[in-house]
$ cat input-v1.json   # JSON, C-alpha atoms
[["chain", "number", "residue", "atom", "x", "y", "z"],
["Z", 1, "MET", "CA", 88.31, 263.19, 129.76],
["Z", 2, "GLU", "CA", 89.72, 262.68, 133.26],
["Z", 3, "ASP", "CA", 87.69, 265.67, 134.49],
["Z", 4, "TYR", "CA", 84.55, 264.11, 133.03],
["Z", 5, "ILE", "CA", 85.30, 260.77, 134.70],
["Z", 6, "ALA", "CA", 85.65, 262.43, 138.11],
["Z", 7, "VAL", "CA", 82.41, 264.39, 137.60],
["Z", 8, "ARG", "CA", 80.59, 261.22, 136.49],
["Z", 9, "ARG", "CA", 81.68, 259.42, 139.66],
["Z", 10, "ASP", "CA", 80.54, 262.31, 141.83],
["Z", 11, "ALA", "CA", 77.18, 262.52, 140.04],
["Z", 12, "SER", "CA", 76.45, 258.85, 140.66],
["Z", 13, "THR", "CA", 75.29, 257.26, 143.88],
["Z", 14, "VAL", "CA", 78.00, 254.61, 143.79],
["Z", 15, "LEU", "CA", 80.45, 256.14, 146.26],
["Z", 16, "PRO", "CA", 77.83, 256.88, 148.95],
["Z", 17, "THR", "CA", 76.34, 253.43, 148.37],
["Z", 18, "LEU", "CA", 79.72, 251.81, 149.02],
["Z", 19, "ASP", "CA", 79.95, 253.79, 152.28],
["Z", 20, "LEU", "CA", 76.46, 252.58, 153.25],
["Z", 21, "VAL", "CA", 77.41, 248.97, 152.56],
["Z", 22, "GLU", "CA", 80.43, 249.41, 154.82],
["Z", 23, "ARG", "CA", 78.20, 250.72, 157.62],
["Z", 24, "ALA", "CA", 75.47, 248.14, 157.12],
["Z", 25, "GLU", "CA", 77.96, 245.31, 157.24],
["Z", 26, "GLY", "CA", 79.79, 246.78, 160.23],
["Z", 27, "ALA", "CA", 83.02, 246.58, 158.25],
["Z", 28, "THR", "CA", 84.68, 249.85, 159.09],
["Z", 29, "VAL", "CA", 87.59, 250.55, 156.79],
["Z", 30, "PRO", "CA", 90.29, 252.47, 158.68],
["Z", 31, "ASP", "CA", 91.34, 255.80, 157.19],
["Z", 32, "ALA", "CA", 94.89, 254.49, 156.82],
["Z", 33, "LEU", "CA", 93.59, 251.79, 154.47],
["Z", 34, "TYR", "CA", 90.86, 253.86, 152.79],
["Z", 35, "GLY", "CA", 93.36, 256.41, 151.53],
["Z", 36, "THR", "CA", 95.81, 253.94, 150.02],
["Z", 37, "PRO", "CA", 96.21, 253.86, 146.25],
["Z", 38, "GLN", "CA", 95.24, 250.18, 146.22],
["Z", 39, "TYR", "CA", 91.96, 250.72, 148.05],
["Z", 40, "GLN", "CA", 91.12, 253.81, 146.01],
["Z", 41, "THR", "CA", 91.75, 251.79, 142.84],
["Z", 42, "LEU", "CA", 89.08, 249.33, 144.03],
["Z", 43, "VAL", "CA", 86.59, 252.01, 145.07],
["Z", 44, "LEU", "CA", 87.00, 254.25, 142.03],
["Z", 45, "GLY", "CA", 87.18, 251.29, 139.67],
["Z", 46, "THR", "CA", 83.92, 249.97, 141.09],
["Z", 47, "ALA", "CA", 82.28, 253.37, 140.61],
["Z", 48, "ASP", "CA", 83.53, 253.63, 137.03],
["Z", 49, "ILE", "CA", 82.38, 250.12, 136.13],
["Z", 50, "MET", "CA", 78.92, 250.64, 137.61],
["Z", 51, "CYS", "CA", 78.48, 254.05, 135.96],
["Z", 52, "TRP", "CA", 79.75, 253.04, 132.56],
["Z", 53, "VAL", "CA", 77.83, 249.78, 132.35],
["Z", 54, "ASN", "CA", 74.72, 251.76, 133.25],
["Z", 55, "ASP", "CA", 75.55, 254.33, 130.55],
["Z", 56, "ILE", "CA", 75.71, 251.61, 127.90],
["Z", 57, "HIS", "CA", 72.57, 249.90, 129.25],
["Z", 58, "SER", "CA", 70.49, 253.07, 129.46],
["Z", 59, "LEU", "CA", 71.74, 254.76, 126.28],
["Z", 60, "HIS", "CA", 68.45, 254.14, 124.51],
["Z", 61, "MET", "CA", 66.71, 256.23, 127.22],
["Z", 62, "GLU", "CA", 69.45, 258.82, 127.68],
["Z", 63, "ARG", "CA", 70.58, 259.62, 124.16],
["Z", 64, "GLY", "CA", 71.87, 263.15, 124.35],
["Z", 65, "ASP", "CA", 72.20, 263.14, 128.16],
["Z", 66, "PRO", "CA", 75.35, 265.14, 128.91],
["Z", 67, "ILE", "CA", 76.33, 262.85, 131.80],
["Z", 68, "ASN", "CA", 76.18, 259.60, 129.77],
["Z", 69, "PHE", "CA", 79.74, 258.53, 128.87],
["Z", 70, "VAL", "CA", 78.71, 257.15, 125.47],
["Z", 71, "THR", "CA", 77.03, 260.45, 124.59],
["Z", 72, "VAL", "CA", 80.03, 262.43, 125.82],
["Z", 73, "LEU", "CA", 82.45, 260.41, 123.69],
["Z", 74, "ASP", "CA", 80.21, 260.57, 120.65],
["Z", 75, "HIS", "CA", 79.78, 264.32, 121.00],
["Z", 76, "HIS", "CA", 83.29, 265.41, 121.93],
["Z", 77, "GLU", "CA", 85.36, 262.83, 120.07],
["Z", 78, "LYS", "CA", 82.98, 262.56, 117.07],
["Z", 79, "THR", "CA", 83.29, 258.77, 117.22],
["Z", 80, "GLY", "CA", 79.77, 257.76, 116.27],
["Z", 81, "VAL", "CA", 77.52, 255.96, 118.71],
["Z", 82, "GLN", "CA", 78.74, 252.40, 118.07],
["Z", 83, "LYS", "CA", 82.41, 253.34, 118.38],
["Z", 84, "ALA", "CA", 81.58, 255.26, 121.58],
["Z", 85, "VAL", "CA", 79.80, 252.18, 123.00],
["Z", 86, "ASP", "CA", 82.80, 250.04, 122.06],
["Z", 87, "THR", "CA", 85.20, 252.51, 123.69],
["Z", 88, "VAL", "CA", 83.19, 252.60, 126.93],
["Z", 89, "ALA", "CA", 83.03, 248.79, 126.94],
["Z", 90, "GLU", "CA", 86.81, 248.67, 126.48],
["Z", 91, "ARG", "CA", 87.24, 251.05, 129.42],
["Z", 92, "VAL", "CA", 84.99, 248.82, 131.55],
["Z", 93, "ALA", "CA", 87.13, 245.83, 130.63],
["Z", 94, "GLY", "CA", 90.23, 247.81, 131.52],
["Z", 95, "ARG", "CA", 88.88, 248.67, 134.95],
["Z", 96, "VAL", "CA", 87.91, 245.06, 135.56],
["Z", 97, "ALA", "CA", 91.44, 243.97, 134.62]]
$ encode --input "input-v1.json" --output "structure tokens"
Amino acid sequence: MEDYIAVRRDASTVLPTLDLVERAEGATVPDALYGTPQYQTLVLGTADIMCWVNDIHSLHMERGDPINFVTVLDHHEKTGVQKAVDTVAERVAGRVA
């Protein structure tokens, strides 16, 4: 599951978008800060939240899409769609917390 989560982040446009926001706002984040566990928690948590909320929202259009977290859980964990949606929503809540 952790491998999937890393691939899902990389497949999204969230991380490059966060870099663009930094540039557009002229708010350069020094490498010493960017690499800290605390900052990475914020960046990666933001990516996960954005990806997973989108996966729940777009499920009706992406049923069967191998990058959609709900579909992945349903397929690999045999949870059923509603339980997979609930699990993804719980993970979103966990990242927000």
$ closest_residue --input "input-v1.json" --among "Z:Phe69, Z:Val29, Z:Tyr39, Z:Thr17" --to "Asp86 (chain Z)" --atoms "all atoms listed in the file"
Z:Phe69
$ axis_aligned_box --input "input-v1.json" --around "region 16-35 of chain Z" --padding-each-side "4 Å" --output "JSON"
{"center_x": 85.2, "center_y": 251.1, "center_z": 154.3, "size_x": 27.4, "size_y": 19.6, "size_z": 19.9}
$ residues_around --input "input-v1.json" --residues "Thr46 (chain Z)" --least-positions-apart "4" --cutoff "12 Å" --atoms "all atoms listed in the file" --output "VMD selection string"
chain Z and resid 9 12 to 15 17 to 18 39 to 42 50 to 53 92 to 97
$ closest_residue --input "input-v1.json" --among "Z:Arg23, Z:Thr79, Z:Val70, Z:Thr36" --to "Asn54 (chain Z)" --atoms "all atoms listed in the file"
Z:Val70
$ closest_residue --input "input-v1.json" --among "Z:Arg8, Z:Gly26, Z:Asp19, Z:Glu2" --to "Ile67 (chain Z)" --atoms "all atoms listed in the file"
Z:Arg8
$ atom_distance --input "input-v1.json" --atom1 "CA of Glu77 (chain Z)" --atom2 "CA of Asp48 (chain Z)"
19.4 Å
$ atom_distance --input "input-v1.json" --atom1 "CA of Asn68 (chain Z)" --atom2 "CA of Ile5 (chain Z)"
10.4 Å
$ atom_distance --input "input-v1.json" --atom1 "CA of Glu90 (chain Z)" --atom2 "CA of Gly45 (chain Z)"
13.5 Å
$ closest_residue --input "input-v1.json" --among "Z:Pro30, Z:Gly80, Z:Glu22, Z:Thr71" --to "Ile56 (chain Z)" --atoms "all atoms listed in the file"
Z:Thr71
$ closest_residue --input "input-v1.json" --among "Z:Lys83, Z:Val88, Z:Pro66, Z:Val43" --to "Ala11 (chain Z)" --atoms "all atoms listed in the file"
Z:Pro66
$ decode --input "input-v1.json" --residues "region 72-83 of chain Z" --atoms "all heavy atoms" --output "mmCIF file, in the first residue's frame"
data_model
loop_
_atom_site.group_PDB
_atom_site.id
_atom_site.type_symbol
_atom_site.label_atom_id
_atom_site.label_comp_id
_atom_site.auth_asym_id
_atom_site.auth_seq_id
_atom_site.Cartn_x
_atom_site.Cartn_y
_atom_site.Cartn_z
ATOM 1 N N VAL Z 72 -8.301 0.738 -6.207
ATOM 2 C CA VAL Z 72 -7.176 -0.098 -5.766
ATOM 3 C C VAL Z 72 -7.562 -0.872 -4.507
ATOM 4 O O VAL Z 72 -7.337 -2.087 -4.418
ATOM 5 C CB VAL Z 72 -5.916 0.762 -5.534
ATOM 6 C CG1 VAL Z 72 -4.841 -0.019 -4.813
ATOM 7 C CG2 VAL Z 72 -5.394 1.281 -6.870
ATOM 8 N N LEU Z 73 -8.130 -0.182 -3.524
ATOM 9 C CA LEU Z 73 -8.542 -0.868 -2.296
ATOM 10 C C LEU Z 73 -9.592 -1.924 -2.573
ATOM 11 O O LEU Z 73 -9.508 -3.045 -2.056
ATOM 12 C CB LEU Z 73 -9.075 0.136 -1.273
ATOM 13 C CG LEU Z 73 -8.039 0.955 -0.537
ATOM 14 C CD1 LEU Z 73 -8.726 1.994 0.344
ATOM 15 C CD2 LEU Z 73 -7.132 0.076 0.298
ATOM 16 N N ASP Z 74 -10.589 -1.566 -3.353
ATOM 17 C CA ASP Z 74 -11.656 -2.512 -3.669
ATOM 18 C C ASP Z 74 -11.088 -3.753 -4.353
ATOM 19 O O ASP Z 74 -11.438 -4.883 -4.005
ATOM 20 C CB ASP Z 74 -12.714 -1.846 -4.546
ATOM 21 C CG ASP Z 74 -13.866 -2.773 -4.883
ATOM 22 O OD1 ASP Z 74 -14.207 -3.632 -4.042
ATOM 23 O OD2 ASP Z 74 -14.426 -2.645 -5.985
ATOM 24 N N HIS Z 75 -10.180 -3.545 -5.282
ATOM 25 C CA HIS Z 75 -9.621 -4.661 -6.045
ATOM 26 C C HIS Z 75 -8.671 -5.521 -5.212
ATOM 27 O O HIS Z 75 -8.797 -6.746 -5.174
ATOM 28 C CB HIS Z 75 -8.896 -4.150 -7.294
ATOM 29 C CG HIS Z 75 -8.253 -5.224 -8.096
ATOM 30 N ND1 HIS Z 75 -8.976 -6.058 -8.913
ATOM 31 C CD2 HIS Z 75 -6.958 -5.625 -8.182
ATOM 32 C CE1 HIS Z 75 -8.156 -6.926 -9.484
ATOM 33 N NE2 HIS Z 75 -6.920 -6.681 -9.055
ATOM 34 N N HIS Z 76 -7.723 -4.889 -4.555
ATOM 35 C CA HIS Z 76 -6.678 -5.650 -3.866
ATOM 36 C C HIS Z 76 -7.083 -6.135 -2.478
ATOM 37 O O HIS Z 76 -6.614 -7.182 -2.037
ATOM 38 C CB HIS Z 76 -5.390 -4.826 -3.779
ATOM 39 C CG HIS Z 76 -4.734 -4.661 -5.112
ATOM 40 N ND1 HIS Z 76 -4.043 -5.683 -5.715
ATOM 41 C CD2 HIS Z 76 -4.688 -3.622 -5.957
ATOM 42 C CE1 HIS Z 76 -3.594 -5.269 -6.888
ATOM 43 N NE2 HIS Z 76 -3.975 -4.015 -7.056
ATOM 44 N N GLU Z 77 -7.921 -5.382 -1.805
ATOM 45 C CA GLU Z 77 -8.330 -5.762 -0.450
ATOM 46 C C GLU Z 77 -9.694 -6.443 -0.435
ATOM 47 O O GLU Z 77 -10.141 -6.897 0.614
ATOM 48 C CB GLU Z 77 -8.354 -4.529 0.456
ATOM 49 C CG GLU Z 77 -7.054 -3.746 0.497
ATOM 50 C CD GLU Z 77 -5.949 -4.477 1.231
ATOM 51 O OE1 GLU Z 77 -6.249 -5.206 2.180
ATOM 52 O OE2 GLU Z 77 -4.775 -4.301 0.842
ATOM 53 N N LYS Z 78 -10.371 -6.437 -1.600
ATOM 54 C CA LYS Z 78 -11.704 -7.059 -1.723
ATOM 55 C C LYS Z 78 -12.685 -6.492 -0.688
ATOM 56 O O LYS Z 78 -13.428 -7.214 -0.043
ATOM 57 C CB LYS Z 78 -11.619 -8.579 -1.568
ATOM 58 C CG LYS Z 78 -10.598 -9.259 -2.436
ATOM 59 C CD LYS Z 78 -10.968 -9.197 -3.894
ATOM 60 C CE LYS Z 78 -10.009 -10.069 -4.706
ATOM 61 N NZ LYS Z 78 -9.481 -9.410 -5.866
ATOM 62 N N THR Z 79 -12.662 -5.167 -0.550
ATOM 63 C CA THR Z 79 -13.469 -4.507 0.477
ATOM 64 C C THR Z 79 -14.899 -4.213 0.046
ATOM 65 O O THR Z 79 -15.759 -4.016 0.887
ATOM 66 C CB THR Z 79 -12.828 -3.172 0.874
ATOM 67 O OG1 THR Z 79 -12.787 -2.331 -0.278
ATOM 68 C CG2 THR Z 79 -11.446 -3.354 1.447
ATOM 69 N N GLY Z 80 -15.129 -4.127 -1.250
ATOM 70 C CA GLY Z 80 -16.388 -3.586 -1.748
ATOM 71 C C GLY Z 80 -16.217 -2.086 -1.897
ATOM 72 O O GLY Z 80 -15.402 -1.473 -1.198
ATOM 73 N N VAL Z 81 -16.953 -1.501 -2.817
ATOM 74 C CA VAL Z 81 -16.761 -0.092 -3.147
ATOM 75 C C VAL Z 81 -17.043 0.819 -1.955
ATOM 76 O O VAL Z 81 -16.250 1.711 -1.641
ATOM 77 C CB VAL Z 81 -17.605 0.321 -4.377
ATOM 78 C CG1 VAL Z 81 -17.537 1.816 -4.607
ATOM 79 C CG2 VAL Z 81 -17.146 -0.435 -5.607
ATOM 80 N N GLN Z 82 -18.172 0.609 -1.258
ATOM 81 C CA GLN Z 82 -18.507 1.518 -0.152
ATOM 82 C C GLN Z 82 -17.474 1.455 0.961
ATOM 83 O O GLN Z 82 -17.075 2.482 1.499
ATOM 84 C CB GLN Z 82 -19.902 1.226 0.404
ATOM 85 C CG GLN Z 82 -20.347 2.245 1.443
ATOM 86 C CD GLN Z 82 -20.310 3.682 0.912
ATOM 87 O OE1 GLN Z 82 -20.941 3.987 -0.094
ATOM 88 N NE2 GLN Z 82 -19.562 4.560 1.568
ATOM 89 N N LYS Z 83 -17.016 0.272 1.311
ATOM 90 C CA LYS Z 83 -15.991 0.153 2.354
ATOM 91 C C LYS Z 83 -14.693 0.812 1.888
ATOM 92 O O LYS Z 83 -13.993 1.455 2.678
ATOM 93 C CB LYS Z 83 -15.756 -1.319 2.699
ATOM 94 C CG LYS Z 83 -14.659 -1.552 3.703
ATOM 95 C CD LYS Z 83 -14.964 -0.938 5.057
ATOM 96 C CE LYS Z 83 -13.855 -1.288 6.037
ATOM 97 N NZ LYS Z 83 -13.753 -0.375 7.140
#
